[in-house]
file query.cif (mmCIF, C-alpha atoms)
data_structure
loop_
_atom_site.label_atom_id
_atom_site.label_comp_id
_atom_site.auth_asym_id
_atom_site.auth_seq_id
_atom_site.Cartn_x
_atom_site.Cartn_y
_atom_site.Cartn_z
CA MET A 742 0.00 0.00 0.00
CA SER A 743 1.59 3.25 -1.11
CA ILE A 744 1.46 6.38 1.03
CA MET A 745 1.50 9.68 -0.83
CA SER A 746 4.44 11.88 0.19
CA ASN A 747 2.13 14.79 0.98
CA GLN A 748 -0.20 12.61 3.06
CA ASN A 749 1.82 11.57 6.05
CA PRO A 750 -0.33 11.86 9.18
CA LEU A 751 1.64 11.58 12.40
CA ILE A 752 1.12 8.47 14.55
CA SER A 753 1.69 8.88 18.29
CA ILE A 754 2.71 5.71 20.12
CA VAL A 755 2.67 5.85 23.92
CA ILE A 756 4.68 3.22 25.79
CA PRO A 757 4.14 2.79 29.54
CA SER A 758 7.33 1.27 30.90
CA TYR A 759 8.55 -0.14 34.19
CA ASN A 760 11.35 -2.69 34.59
CA LYS A 761 10.99 -4.27 31.15
CA VAL A 762 14.67 -4.57 30.21
CA LYS A 763 14.09 -8.09 28.91
CA TYR A 764 11.68 -6.94 26.21
CA ILE A 765 11.71 -3.20 25.55
CA LYS A 766 14.46 -3.46 22.93
CA LYS A 767 12.22 -5.76 20.89
CA THR A 768 9.34 -3.31 21.24
CA LEU A 769 11.44 -0.35 20.10
CA ASP A 770 13.06 -2.33 17.28
CA SER A 771 9.60 -3.21 15.97
CA ILE A 772 8.81 0.52 15.83
CA VAL A 773 11.99 1.97 14.33
CA SER A 774 12.01 -0.73 11.64
CA GLN A 775 8.56 0.28 10.34
CA SER A 776 8.41 1.32 6.69
CA TYR A 777 6.20 4.29 7.60
CA LYS A 778 8.32 6.96 9.29
CA SER A 779 5.89 9.70 10.35
CA TYR A 780 5.56 8.70 13.98
CA GLU A 781 6.50 9.79 17.48
CA VAL A 782 7.18 7.54 20.44
CA ILE A 783 6.38 8.85 23.91
CA ILE A 784 7.84 6.62 26.63
CA GLN A 785 6.52 7.13 30.15
CA ASP A 786 8.83 5.18 32.43
CA GLY A 787 7.87 4.71 36.07
CA GLY A 788 11.44 4.90 37.37
CA SER A 789 12.85 1.57 36.20
CA THR A 790 15.80 0.15 38.13
CA ASP A 791 16.65 -2.94 36.05
CA GLY A 792 18.44 -1.37 33.07
CA THR A 793 15.32 -0.47 31.10
CA LEU A 794 16.18 3.21 31.27
CA ASN A 795 19.61 2.60 29.72
CA VAL A 796 17.95 0.95 26.73
CA ILE A 797 15.46 3.81 26.41
CA LYS A 798 18.22 6.44 26.53
CA LYS A 799 20.18 4.62 23.83
CA TYR A 800 17.20 4.61 21.45
CA ALA A 801 16.22 8.19 22.27
CA LYS A 802 19.77 9.30 21.44
CA LYS A 803 19.83 7.33 18.18
CA TYR A 804 16.34 8.44 17.08
CA PRO A 805 15.90 11.92 18.59
CA LYS A 806 13.35 13.00 15.98
CA HIS A 807 11.08 10.10 16.84
CA ILE A 808 11.57 9.08 20.48
CA ARG A 809 11.27 11.07 23.66
CA TYR A 810 10.93 9.82 27.22
CA GLU A 811 10.31 10.75 30.82
CA SER A 812 11.30 8.61 33.77
CA LYS A 813 9.80 9.27 37.18
CA LYS A 814 7.58 7.61 39.72
CA ASP A 815 3.98 7.61 38.54
CA GLY A 816 0.62 6.19 39.49
CA GLY A 817 1.02 3.01 37.49
CA GLN A 818 0.29 1.88 33.95
CA LEU A 819 -2.99 3.76 33.51
CA ASN A 820 -1.48 7.01 34.77
CA ALA A 821 1.57 6.61 32.51
CA ILE A 822 -0.58 5.98 29.44
CA ASN A 823 -2.79 8.99 30.04
CA ILE A 824 0.18 11.27 30.74
CA GLY A 825 1.68 10.16 27.43
CA LEU A 826 -1.57 10.64 25.52
CA LYS A 827 -1.81 14.21 26.79
CA LYS A 828 1.56 14.87 25.14
CA ALA A 829 0.61 13.20 21.85
CA LYS A 830 0.61 15.38 18.74
CA GLY A 831 -0.44 12.76 16.21
CA GLU A 832 -3.60 12.50 14.16
CA LEU A 833 -3.60 8.84 15.15
CA VAL A 834 -2.84 7.70 18.70
CA THR A 835 -2.27 4.35 20.35
CA PHE A 836 -0.42 2.72 23.21
CA ILE A 837 1.59 -0.45 23.37
CA ASN A 838 3.12 -2.13 26.38
CA ALA A 839 6.88 -2.36 26.71
CA ASP A 840 6.88 -6.08 25.96
CA ASP A 841 4.56 -6.18 22.93
CA VAL A 842 5.74 -5.74 19.33
CA TYR A 843 4.46 -4.42 16.00
CA GLU A 844 4.48 -6.52 12.87
CA LYS A 845 6.16 -5.40 9.65
CA ASP A 846 4.37 -2.55 7.81
CA ALA A 847 1.76 -2.18 10.57
CA PHE A 848 1.87 1.63 10.53
CA GLU A 849 1.58 1.78 6.76
CA ALA A 850 -1.54 -0.37 6.89
CA VAL A 851 -3.13 1.84 9.54
CA VAL A 852 -2.37 5.07 7.69
CA GLY A 853 -3.61 3.63 4.42
CA HIS A 854 -6.98 2.89 5.98
CA TYR A 855 -7.03 6.28 7.69
CA LEU A 856 -6.52 8.10 4.39
CA GLU A 857 -9.29 6.04 2.83
CA ASN A 858 -11.65 6.68 5.77
CA PRO A 859 -11.06 10.31 6.85
CA ASN A 860 -14.26 10.43 8.94
CA ALA A 861 -13.50 7.31 10.95
CA LEU A 862 -12.98 7.55 14.69
CA TRP A 863 -10.87 4.44 15.19
CA PHE A 864 -9.24 1.48 13.52
CA ALA A 865 -8.76 -2.12 14.62
CA GLY A 866 -6.42 -4.71 13.21
CA LYS A 867 -5.68 -8.28 14.18
CA GLY A 868 -3.10 -9.59 16.60
CA ILE A 869 -1.61 -12.77 17.97
CA VAL A 870 -0.55 -13.74 21.49
CA ILE A 871 2.99 -14.79 22.35
CA ASP A 872 4.74 -16.04 25.49
CA GLU A 873 7.98 -14.88 27.08
CA ASN A 874 9.95 -16.84 24.47
CA ASP A 875 8.11 -15.33 21.47
CA ASN A 876 6.14 -18.53 20.84
CA GLU A 877 2.55 -18.10 19.69
CA ILE A 878 0.00 -19.23 22.28
CA ALA A 879 -3.77 -19.00 22.83
CA LYS A 880 -4.37 -19.85 19.19
CA PHE A 881 -8.02 -20.80 19.69
CA ALA A 882 -8.81 -17.51 21.45
CA THR A 883 -7.00 -15.61 18.70
CA TRP A 884 -8.99 -17.48 16.06
CA TYR A 885 -12.41 -16.73 17.46
CA LYS A 886 -11.56 -13.12 18.27
CA SER A 887 -10.35 -12.68 14.71
CA LEU A 888 -13.62 -14.19 13.49
CA LEU A 889 -15.66 -11.76 15.59
CA LEU A 890 -13.51 -8.87 14.37
CA ASN A 891 -14.31 -9.84 10.78
CA TRP A 892 -18.02 -9.50 11.59
CA ASN A 893 -17.29 -6.27 13.52
CA LEU A 894 -20.69 -5.96 15.20
CA ARG A 895 -21.35 -4.09 18.44
CA THR A 896 -23.60 -6.94 19.60
CA PHE A 897 -20.56 -9.22 19.67
CA LEU A 898 -18.38 -6.55 21.26
CA LEU A 899 -20.89 -6.35 24.12
CA ILE A 900 -20.62 -10.11 24.61
CA THR A 901 -16.82 -10.13 24.62
CA ASN A 902 -13.93 -7.76 24.09
CA TYR A 903 -12.59 -9.29 20.89
CA LEU A 904 -10.25 -6.38 20.10
CA MET A 905 -6.50 -6.80 20.57
CA GLN A 906 -5.53 -3.63 22.41
CA PRO A 907 -2.14 -2.94 20.74
CA SER A 908 -3.81 -3.30 17.33
CA VAL A 909 -6.33 -0.52 18.02
CA PHE A 910 -5.59 3.03 16.84
CA LEU A 911 -7.75 6.04 17.76
CA THR A 912 -7.98 9.32 15.93
CA LYS A 913 -7.07 12.39 17.91
CA LYS A 914 -10.63 13.67 17.45
CA ALA A 915 -11.96 10.48 19.08
CA LEU A 916 -9.63 10.95 22.03
CA LYS A 917 -10.76 14.55 22.44
CA LYS A 918 -14.42 13.54 22.23
CA TYR A 919 -14.34 10.54 24.55
CA GLY A 920 -11.52 11.41 26.93
CA LEU A 921 -8.66 9.36 28.30
CA PHE A 922 -8.59 5.72 29.32
CA THR A 923 -10.13 4.50 32.56
CA GLY A 924 -9.08 1.69 34.86
CA THR A 925 -8.04 0.64 38.32
CA LYS A 926 -4.82 0.62 40.30
CA PHE A 927 -3.86 -2.68 38.69
CA ALA A 928 -5.21 -2.50 35.14
CA VAL A 929 -6.20 -0.36 32.18
CA MET A 930 -9.80 -1.09 31.22
CA GLU A 931 -9.60 -0.25 27.53
CA TYR A 932 -12.84 -2.18 27.03
CA ASP A 933 -14.65 0.80 28.53
CA MET A 934 -13.22 3.02 25.78
CA TRP A 935 -14.13 0.55 23.04
CA LEU A 936 -17.76 0.36 24.18
CA LYS A 937 -17.97 4.12 24.58
CA ILE A 938 -16.78 4.86 21.04
CA SER A 939 -18.78 1.99 19.53
CA ILE A 940 -22.02 3.72 20.55
CA ASP A 941 -21.11 6.22 17.84
CA ARG A 942 -19.60 3.81 15.33
CA MET A 943 -17.58 0.61 15.09
CA PRO A 944 -13.89 0.68 14.17
CA VAL A 945 -12.68 0.45 10.60
CA LEU A 946 -11.41 -3.09 10.15
CA ILE A 947 -7.80 -3.64 9.10
CA ASN A 948 -7.57 -7.22 7.88
CA LYS A 949 -3.94 -7.68 8.87
CA VAL A 950 -2.03 -8.85 11.94
CA LEU A 951 -0.58 -5.63 13.32
CA THR A 952 0.85 -6.69 16.67
CA LYS A 953 2.00 -9.47 18.94
CA PHE A 954 0.64 -9.23 22.48
CA ARG A 955 2.90 -10.83 25.09
CA LEU A 956 1.31 -12.85 27.87
CA GLU A 957 3.71 -13.83 30.63
CA LYS A 958 2.88 -15.91 33.67
CA ASP A 959 3.56 -12.97 35.99
CA THR A 960 1.78 -10.24 34.01
CA LYS A 961 -1.23 -8.44 35.47
CA THR A 962 -3.42 -10.08 32.86
CA SER A 963 -2.47 -13.50 34.19
CA THR A 964 -2.09 -12.91 37.92
CA ASN A 965 -5.18 -10.72 38.38
CA SER A 966 -7.50 -12.56 36.01
CA LYS A 967 -10.47 -12.84 38.38
CA LEU A 968 -10.20 -9.18 39.40
CA LEU A 969 -10.01 -8.17 35.75
CA LEU A 970 -13.14 -10.14 34.96
CA TYR A 971 -14.95 -8.54 37.89
CA GLU A 972 -14.09 -5.08 36.56
CA ASP A 973 -15.04 -6.24 33.07
CA GLU A 974 -18.53 -7.18 34.25
CA LYS A 975 -18.95 -3.82 35.96
CA ILE A 976 -18.13 -2.13 32.65
CA ILE A 977 -20.56 -4.14 30.54
CA LYS A 978 -23.45 -3.29 32.88
CA LYS A 979 -22.86 0.38 32.07
CA TYR A 980 -23.56 -0.18 28.40
CA THR A 981 -26.39 -2.70 28.21
CA LYS A 982 -29.37 -3.85 30.25
CA ASN A 983 -30.21 -6.64 27.82
CA LYS A 984 -30.46 -9.79 29.92
CA LEU A 985 -29.41 -12.15 27.13
CA THR A 986 -26.35 -10.07 26.29
CA LEU A 987 -25.35 -9.88 29.96
CA PHE A 988 -25.84 -13.61 30.36
CA LEU A 989 -23.72 -14.41 27.32
CA HIS A 990 -21.02 -11.98 28.46
CA ILE A 991 -20.80 -13.51 31.94
CA LEU A 992 -20.95 -17.03 30.49
CA HIS A 993 -18.05 -16.19 28.21
CA ASN A 994 -16.05 -14.88 31.18
CA TYR A 995 -16.64 -18.11 33.11
CA PHE A 996 -15.46 -20.01 30.06
CA ARG A 997 -12.28 -17.91 30.01
CA VAL A 998 -11.60 -18.78 33.65
CA ILE A 999 -12.16 -22.46 33.04
CA ILE A 1000 -9.80 -22.72 30.09
CA GLY A 1001 -7.27 -20.47 31.80
CA LYS A 1002 -6.76 -18.19 28.80
CA ILE A 1003 -7.40 -14.71 30.11
CA ILE A 1004 -6.49 -12.36 27.28
#
call {"tool": "encode", "arguments": {"input": "query.cif", "output": "structure tokens"}}
result
Amino acid sequence: MSIMSNQNPLISIVIPSYNKVKYIKKTLDSIVSQSYKSYEVIIQDGGSTDGTLNVIKKYAKKYPKHIRYESKKDGGQLNAINIGLKKAKGELVTFINADDVYEKDAFEAVVGHYLENPNALWFAGKGIVIDENDNEIAKFATWYKSLLLNWNLRTFLLITNYLMQPSVFLTKKALKKYGLFTGTKFAVMEYDMWLKISIDRMPVLINKVLTKFRLEKDTKTSTNSKLLLYEDEKIIKKYTKNKLTLFLHILHNYFRVIIGKII
């Protein structure tokens, strides 16, 4: 997909970071190797002590036009993301964790769809799940979420959050209209944002794997699975009173607990 030289909207990528020295190089490499170069990276580091900051400084020095960072104690992942988003200058905005990675030509695909859909509020591509050794896992969950994304219906989004967070890009106008992300002290509840925007319209589908989402045994997604599902059910009750939809949503969550694939 070719991007016209005079049509290069800026993409803002926020990275919340804290003690991710094992992975952040892979995350940054996946960004700086993108074919599309009109982007800015805003790293909000929570005061890492494991060498993460040294990696960040190295990349910021090598790519000063693209990468800037701040390292100080913050209120956690949600706070770091929202601080970064307030600094974002791009027409398209997103956040990715410091252990996830972008696939080749991901930005070019997003921008191509943005130029073709100038009135869209947000865009959603596909993603896969990997473990700490970069092996693909949770293939069944990825398959059915990809299937639901292909249908791209709000009814299904109310039943389950089938969107892969790193593969979702918002327009700046959507962020201004709907505000920053919400969550708790232990998690970002991006599902709340998805349901809020989807009242207006569903995302433009990008039929391409854009990211790899890393699921480690000690991540918040794994260790706080029951708490996350509790918060998830609180969110869904804000957006629908339909008893069948609520039943199917809760049933799906119980299924996730049983199979042990909380993603």
call {"tool": "residues_around", "arguments": {"input": "query.cif", "residues": "Val755 in chain A", "least_positions_apart": "2", "cutoff": "10 Å", "atoms": "all atoms listed in the file", "output": "list in words"}}
result
Ile752, Ser753, Pro757, Ser758, Glu781, Val782, Ile783, Ile784, Gln785, Tyr810, Ala821, Ile822, Asn823, Ile824, Gly825, Leu826, Lys827, Lys828, Ala829, Val834, Thr835, Phe836, Ile837, Asn838 and Ala839 of chain A
call {"tool": "residues_around", "arguments": {"input": "query.cif", "residues": "Thr790 in chain A", "least_positions_apart": "4", "cutoff": "9 Å", "atoms": "only C-alpha atoms", "output": "ChimeraX atom specification"}}
result
/A:759-760,794
call {"tool": "atom_distance", "arguments": {"input": "query.cif", "atom1": "CA of Leu989 in chain A", "atom2": "CA of Asn893 in chain A"}}
result
17.3 Å
call {"tool": "closest_atom_pairs", "arguments": {"input": "query.cif", "of": "range 790-900 of chain A", "to": "range 925-946 of chain A", "cutoff": "8 Å", "atoms": "all atoms listed in the file", "output": "Markdown table"}}
result
| residue | atom | partner | partner_atom | distance |
| --- | --- | --- | --- | --- |
| A:Gly816 | CA | A:Lys926 | CA | 7.8 |
| A:Gly817 | CA | A:Lys926 | CA | 6.9 |
| A:Gln818 | CA | A:Val929 | CA | 7.1 |
| A:Leu819 | CA | A:Val929 | CA | 5.4 |
| A:His854 | CA | A:Val945 | CA | 7.7 |
| A:Asn858 | CA | A:Val945 | CA | 8.0 |
| A:Ala861 | CA | A:Val945 | CA | 6.9 |
| A:Leu862 | CA | A:Pro944 | CA | 6.9 |
| A:Trp863 | CA | A:Pro944 | CA | 4.9 |
| A:Phe864 | CA | A:Val945 | CA | 4.6 |
| A:Ala865 | CA | A:Leu946 | CA | 5.3 |
| A:Gly866 | CA | A:Leu946 | CA | 6.1 |
| A:Leu890 | CA | A:Leu946 | CA | 7.5 |
| A:Asn891 | CA | A:Leu946 | CA | 7.4 |
| A:Asn893 | CA | A:Met943 | CA | 7.1 |
| A:Leu894 | CA | A:Met943 | CA | 7.3 |
| A:Arg895 | CA | A:Ser939 | CA | 6.7 |
| A:Leu898 | CA | A:Leu936 | CA | 7.5 |
| A:Leu899 | CA | A:Leu936 | CA | 7.4 |
call {"tool": "residues_around", "arguments": {"input": "query.cif", "residues": "Glu877 in chain A", "least_positions_apart": "4", "cutoff": "12 Å", "atoms": "all atoms listed in the file", "output": "ChimeraX atom specification"}}
result
/A:868-873,881-883,952-957
call {"tool": "atom_distance", "arguments": {"input": "query.cif", "atom1": "CA of Phe910 in chain A", "atom2": "CA of Val852 in chain A"}}
result
9.9 Å
call {"tool": "atom_distance", "arguments": {"input": "query.cif", "atom1": "CA of Leu856 in chain A", "atom2": "CA of Gln748 in chain A"}}
result
7.9 Å
